[in-house]
Amino acid sequence: SSVSIKVVLPSLFPNDKELDYYSNSTVQNGTQATSSFFETKYVSDEEREYILDELRKYCKLDTLAMVKIHEYLTKITD
C-alpha cells in the first residue's frame, strides 16, 4: 500500500481535471524526474528546453497536489 501523491490525489479528487496531469505527462514520478534532469546534460538545446518545461509542469503539479491535500485534511479536521 502506498501513500504517495499519485495514489492519494485521485482518491481525494477523482474528478479534478486540473490534477490529472500525471497521466498525460512525460514525467510521471520522482524517479523519472531525476533521470530526465540528468538527461539534459546530453541532449540538444531544444530537447533540454522541452525536458525542463516538462519538469517544471511536474513540480508545479506536485506542489499544487500537496496544497490541495493539505487544504482537504485541514478542512476535515476542523
# chains A, B, ... in the order shown; residues from 1 in each chain; ligands from 1

call {"tool": "residues_around", "arguments": {"residues": "range 24-34 of chain A", "least_positions_apart": "5", "cutoff": "10 Å", "atoms": "only C-alpha atoms", "output": "list in words"}}
result
Ser4, Ile5, Lys6, Glu39, Ile51, Leu52, Glu54, Leu55, Arg56, Lys57, Tyr58, Cys59 and Asp62 of chain A

call {"tool": "residues_around", "arguments": {"residues": "Tyr72 in chain A", "least_positions_apart": "4", "cutoff": "12 Å", "atoms": "only C-alpha atoms", "output": "MDAnalysis selection string"}}
result
chainID A and resid 8:9 11:13 65:68 76:78

call {"tool": "write_last_selection", "arguments": {"atoms": "N, CA, C and O atoms", "output": "short mmCIF file (atom, residue, chain, number, x, y, z; two decimals), in the first residue's frame"}}
result
data_model
loop_
_atom_site.label_atom_id
_atom_site.label_comp_id
_atom_site.auth_asym_id
_atom_site.auth_seq_id
_atom_site.Cartn_x
_atom_site.Cartn_y
_atom_site.Cartn_z
N VAL A 8 -2.84 9.05 -3.43
CA VAL A 8 -3.77 9.79 -2.58
C VAL A 8 -4.62 10.77 -3.39
O VAL A 8 -5.82 10.88 -3.20
N LEU A 9 -3.99 11.46 -4.31
CA LEU A 9 -4.66 12.53 -5.05
C LEU A 9 -5.93 12.08 -5.77
O LEU A 9 -6.99 12.69 -5.59
N SER A 11 -7.79 9.63 -5.13
CA SER A 11 -8.77 9.19 -4.13
C SER A 11 -9.54 10.37 -3.55
O SER A 11 -10.74 10.28 -3.30
N LEU A 12 -8.84 11.47 -3.33
CA LEU A 12 -9.48 12.64 -2.74
C LEU A 12 -10.16 13.53 -3.77
O LEU A 12 -11.16 14.18 -3.47
N PHE A 13 -9.61 13.57 -4.98
CA PHE A 13 -10.11 14.48 -6.03
C PHE A 13 -10.26 13.73 -7.35
O PHE A 13 -9.58 14.04 -8.34
N ALA A 65 -0.67 19.68 -5.76
CA ALA A 65 -1.26 18.48 -5.13
C ALA A 65 -1.08 18.51 -3.61
O ALA A 65 -2.02 18.24 -2.86
N MET A 66 0.11 18.88 -3.16
CA MET A 66 0.36 18.94 -1.71
C MET A 66 -0.49 20.02 -1.05
O MET A 66 -1.02 19.82 0.05
N VAL A 67 -0.65 21.15 -1.72
CA VAL A 67 -1.50 22.22 -1.19
C VAL A 67 -2.95 21.74 -1.08
O VAL A 67 -3.61 21.93 -0.06
N LYS A 68 -3.45 21.10 -2.15
CA LYS A 68 -4.84 20.62 -2.15
C LYS A 68 -5.05 19.56 -1.06
O LYS A 68 -6.06 19.56 -0.37
N ILE A 76 -11.27 18.78 6.89
CA ILE A 76 -11.98 17.69 7.56
C ILE A 76 -11.59 17.53 9.03
O ILE A 76 -12.25 16.80 9.76
N THR A 77 -10.52 18.19 9.46
CA THR A 77 -10.12 18.07 10.86
C THR A 77 -10.51 19.28 11.69
O THR A 77 -10.30 19.29 12.90
N ASP A 78 -11.06 20.31 11.05
CA ASP A 78 -11.50 21.50 11.81
C ASP A 78 -12.83 21.27 12.48
O ASP A 78 -13.66 20.54 12.13
#

call {"tool": "atom_distance", "arguments": {"atom1": "CA of Lys60 in chain A", "atom2": "CA of Ser44 in chain A"}}
result
24.1 Å

call {"tool": "atom_distance", "arguments": {"atom1": "CA of Glu18 in chain A", "atom2": "CA of Leu64 in chain A"}}
result
9.4 Å

call {"tool": "atom_distance", "arguments": {"atom1": "CA of Ile69 in chain A", "atom2": "CA of Asn15 in chain A"}}
result
14.4 Å

call {"tool": "closest_residue", "arguments": {"among": "A:Ser36, A:Ser2, A:Ser23, A:Thr74", "to": "Asp53 in chain A", "atoms": "only C-alpha atoms"}}
result
A:Ser36

call {"tool": "select_by_dssp", "arguments": {"residues": "chain A", "states": "alpha helix (DSSP H)", "output": "ChimeraX atom specification"}}
result
/A:5-12,30-39,45-77

call {"tool": "write_last_selection", "arguments": {"atoms": "C-alpha atoms", "output": "CSV table (one decimal), in the first residue's frame"}}
result
chain,number,residue,atom,x,y,z
A,5,ILE,CA,0.8,11.8,-4.0
A,6,LYS,CA,-0.1,9.8,-7.1
A,7,VAL,CA,-2.2,7.4,-5.1
A,8,VAL,CA,-3.8,9.8,-2.6
A,9,LEU,CA,-4.7,12.5,-5.0
A,10,PRO,CA,-7.1,10.6,-7.3
A,11,SER,CA,-8.8,9.2,-4.1
A,12,LEU,CA,-9.5,12.6,-2.7
A,30,GLY,CA,10.2,11.2,-9.0
A,31,THR,CA,12.5,8.6,-10.5
A,32,GLN,CA,11.6,9.7,-14.0
A,33,ALA,CA,12.1,13.3,-13.0
A,34,THR,CA,15.6,12.6,-11.7
A,35,SER,CA,16.6,10.7,-14.8
A,36,SER,CA,15.1,13.3,-17.1
A,37,PHE,CA,17.0,16.1,-15.3
A,38,PHE,CA,20.3,14.2,-15.7
A,39,GLU,CA,19.5,13.6,-19.3
A,45,ASP,CA,19.2,22.8,-26.5
A,46,GLU,CA,15.7,22.2,-27.9
A,47,GLU,CA,15.3,18.9,-26.2
A,48,ARG,CA,16.7,20.3,-23.0
A,49,GLU,CA,14.1,23.1,-23.0
A,50,TYR,CA,11.4,20.6,-23.6
A,51,ILE,CA,12.6,18.4,-20.7
A,52,LEU,CA,13.0,21.3,-18.4
A,53,ASP,CA,9.5,22.6,-19.3
A,54,GLU,CA,8.0,19.1,-18.5
A,55,LEU,CA,9.9,19.1,-15.2
A,56,ARG,CA,8.5,22.5,-14.3
A,57,LYS,CA,5.0,21.2,-15.0
A,58,TYR,CA,5.6,18.1,-13.0
A,59,CYS,CA,7.0,20.1,-10.0
A,60,LYS,CA,4.1,22.6,-10.2
A,61,LEU,CA,1.6,19.8,-10.1
A,62,ASP,CA,3.4,18.1,-7.2
A,63,THR,CA,3.2,21.4,-5.3
A,64,LEU,CA,-0.4,22.0,-6.2
A,65,ALA,CA,-1.3,18.5,-5.1
A,66,MET,CA,0.4,18.9,-1.7
A,67,VAL,CA,-1.5,22.2,-1.2
A,68,LYS,CA,-4.8,20.6,-2.1
A,69,ILE,CA,-4.2,17.6,0.1
A,70,HIS,CA,-3.3,19.9,3.0
A,71,GLU,CA,-6.4,22.0,2.5
A,72,TYR,CA,-8.6,18.9,2.3
A,73,LEU,CA,-7.1,17.5,5.5
A,74,THR,CA,-7.3,20.8,7.3
A,75,LYS,CA,-11.0,21.1,6.3
A,76,ILE,CA,-12.0,17.7,7.6
A,77,THR,CA,-10.1,18.1,10.9
